[in-house]
Each structure stands twice: as structure tokens, then as C-alpha cells.
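Below is one structure, written out as C-alpha cells, with a few remarks after it.
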Amino acid sequence: MTNVVQLGPLMFAADRLLAVALLLAFTYSVGKIGERTGRDTAKAVLWALVAGILGARLAYVGRHLDAYSQDWWSVLALWQGGFSAGAGIAAAAVALLVILGLNRTSGFSVAAIAVLTVAWAGGTALLQPSPRALPEMPVLATLDGGTIEANSLAGQPYVVNLWATWCPPCRRELPMLAEVASGSDIPILLVNQAEPAEQVERYLEGAGIGSAAVAIDEHGSLMQLLEGGALPTTLFIDDQGQIVATHLGEISRAALLDQIAQLQKE
């Protein structure tokens with residue numbers, strides 16, 4: 001099963017859409033519980049959502065302090081993902097109990113959280129894509145006039161990031177990706193999609209980004225082979241040539257290092 005949902009020209013990570021849907025379900029269900037029990041739950045719902053999101057984010061950041069200490073502002077980049085579901089669920093439940101007190105309304109509301117937690121666990125398990133073979137990678141051009149062929153990467157794990165200079169989230173994540181690539185134990189290829197080498201070189205020089213990990217897919221073949229049209233996309237490939245994880249959209253340093261660590265374990 002894919003972990004990407006396409007709505008017209010827009011593409012979304014399926015697990016994020018599931019999280020949004022369950023948050024809306026939580027808001028609706030606790031509101032209905034309040035109506036049935038004669039309590040106004042609007043304030044409790046608001047604070048539970050705030051506590052849940054903050055708790056989930058802070059717990060994740062706390063587990064990845066080394067990564068976030070490289071750029072503390074990235075803690076605020078919530079669109080990159082990076083939440084600990086368990087901590088968020090616990091924080092939301094505590095907020096409900098504190099605001100509503102111990103009564104029927106809070107009891108039913110916490111029960112609703114439990115049901116939605118089961119739905120989250122089941123949904124994320126179903127949405128987890130199975131490893132799939134990487135389509136035959138085209139020959140990539142390097143900026144120093146060389147090439148990278150697929151067989152040169154065989155038998156080892158590696159990371160492929162698809163990007164373009166016109167893509168704002170690509171430009172935001174590229175300096176971090178280039179920095180991590182320069183010290184990574186496994187290859188990280190920053191594969192530009194279908195832009196002239198001269199244009200890519202000018203952009204990298206102007207942005208002060210190293211070009212050692214940059215390659216060019218001259219015809220954008222990889223994006224076509226993967227049947228995707230979203231940039232940036234980051235692929236994590238194991239030593240058997242299987243795509244074991246895909247990150248759609250801007251990726252954080254913490255998420256990148258997490259997936260690299262998982263590749264090295266496997």
C-alpha cells in the first residue's frame with residue numbers, strides 16, 4: 001500500500017492525513033459527549049489539542065536533541081513532521097481530566113481517545129508500505145563531468161533525494177542534506193530533476209552549498225519511474241535495492257538521521 005494520497009495536483013503523506021482526520025474525529029466526538037452529558041467541552045477540547053500537539057512535539061525533540069541542536073529554529077518547523085504519538089495522546093488525556101474533572105464527561109472523553117488511539121495504531125500499520133524494488137535508476141550526471149551508474153551503488157544502502165531549484169521546500173532542506181551527506185557513512189545522492197547543469201551550479205554557488213553529493217537526472221526519469229510528481233521526495237534504499245522508506249516533502253535532520261540509522265541496522 002502506498003503512503004501517499006493524491007488529490008488532484010496535490011500529494012499528501014497518508015499518515016499525516018490520517019492524523020488530521022483523527023484530530024477532527026476527536027473534536028467532534030468529545031463535542032457530542034458534552035452535548036449528551038450536559039457539559040460544555042469546547043474549552044477542554046481546545047486545551048487537549050494544544051497539550052497533545054505540544055506534548056508530541058516536545059517528546060520527539062527531546063529524543064533527538066543532538067539533531068535539533070544544530071538548528072533550534074527547526075523545532076518550530078512542524079510541517080516537517082516529528083511527533084511522538086504516545087506522548088501526545090497521554091498529554092491530551094491529562095488535559096481533559098484536569099479541565100473537566102473526574103466525571104462521566106471526562107470518562108467518556110478519555111474512552112474516545114482510547115478508541116481513536118486504536119484507530120491510529122491500526123491505520124498507521126495498514127499505511128506502512130512494504131519494501132519495493134527501486135526502478136532501474138538512470139545514469140546520473142555529476143557536476144564535475146562524471147556519471148553515476150546504478151551498479152556502482154549495488155550491495156550497499158543509500159539515500160536518494162529528488163529536488164529542484166524552483167522548489168521552496170527543496171531549497172530549505174538542501175543545505176542540511178548536503179551537510180549530512182558530506183559526513184555520512186552511506187551515500188546520499190541529491191538528485192536534481194531535469195534542470196540544466198549550469199543552472200544548478202549557479203544556484204549552489206549562490207547559496208553556498210557544496211556540490212559533492214549533487215547529481216542531475218537530466219530527463220527527470222526517476223520522478224517519472226516512481227510515478228510521483230512531488231518534490232522534494234527522499235528515498236531510503238537498503239542493500240538489496242529495495243525502497244524501505246519514503247519521505248514526502250521537506251525532511252528534518254532528525255528524521256533523516258533516524259532513517260539512516262535504520263538502514264545501517266538493517
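In the C-alpha cells, the first chain shown is A, the next is B, and so on; residue numbers restart at 1 for each chain, and ligands run from 1 in the order shown.
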Closest atom pairs, region 69-143 of chain A residues within 10 Å of region 196-218 of chain A, only C-alpha atoms, as CSV:
residue,atom,partner,partner_atom,distance
A:Met137,CA,A:Asp217,CA,9.4
A:Pro138,CA,A:Asp217,CA,7.3
A:Val139,CA,A:Asp217,CA,7.5
A:Leu140,CA,A:Asp217,CA,5.3
A:Ala141,CA,A:Ile216,CA,5.0
A:Thr142,CA,A:Ala215,CA,4.6
A:Leu143,CA,A:Ala197,CA,6.6
Residues of region 24-256 of chain A in strand (DSSP E) according to DSSP, as a VMD selection string?
-> chain A and resid 132 to 133 140 to 142 147 to 148 158 to 163 188 to 193 214 to 217 233 to 237 242 to 248
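Closest approach to Ala25 (chain A) from the set A:Ala93, A:Leu177, A:Leu256, A:Ala112 is made by A:Ala112, with distances taken over only C-alpha atoms.
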Tell me, as a list in words, which residues lie within 12 Å of Gly34 (chain A), counting only C-alpha atoms; anything in the same chain fewer than 2 positions away does not count.
->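 Everything that qualifies: Thr27, Tyr28, Ser29, Val30, Gly31, Lys32, Arg36, Thr37, Gly38, Arg39, Asp40, Thr41, Ala42, Lys43, Ala44, Val45, Leu96, Leu100, Asn103, Arg104, Thr105, Ser106, Gly107, Phe108 and Ser109 of chain A.
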By how many Å are CA of Leu174 (chain A) and CA of Ile251 (chain A) apart?
->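 Taking CA of Leu174 (chain A) as the start and CA of Ile251 (chain A) as the end point, the length is 9.6 Å.
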Neighbours of Val94 (chain A) within 8 Å (only C-alpha atoms; same-chain residues fewer than 4 positions away dropped), as a ChimeraX atom specification?
-> /A:48,90,98
Restricting the output to N, CA and C atoms, write the selected residues as an mmCIF file, in the first residue's frame.
data_model
loop_
_atom_site.group_PDB
_atom_site.id
_atom_site.type_symbol
_atom_site.label_atom_id
_atom_site.label_comp_id
_atom_site.auth_asym_id
_atom_site.auth_seq_id
_atom_site.Cartn_x
_atom_site.Cartn_y
_atom_site.Cartn_z
ATOM 1 N N ALA A 48 -6.930 20.284 25.125
ATOM 2 C CA ALA A 48 -6.437 18.927 24.886
ATOM 3 C C ALA A 48 -5.669 18.861 23.567
ATOM 4 N N ALA A 90 -1.157 10.899 25.663
ATOM 5 C CA ALA A 90 -1.169 10.998 27.130
ATOM 6 C C ALA A 90 -1.403 12.436 27.582
ATOM 7 N N VAL A 98 -7.904 17.270 33.685
ATOM 8 C CA VAL A 98 -7.665 18.457 34.513
ATOM 9 C C VAL A 98 -8.791 19.466 34.335
#
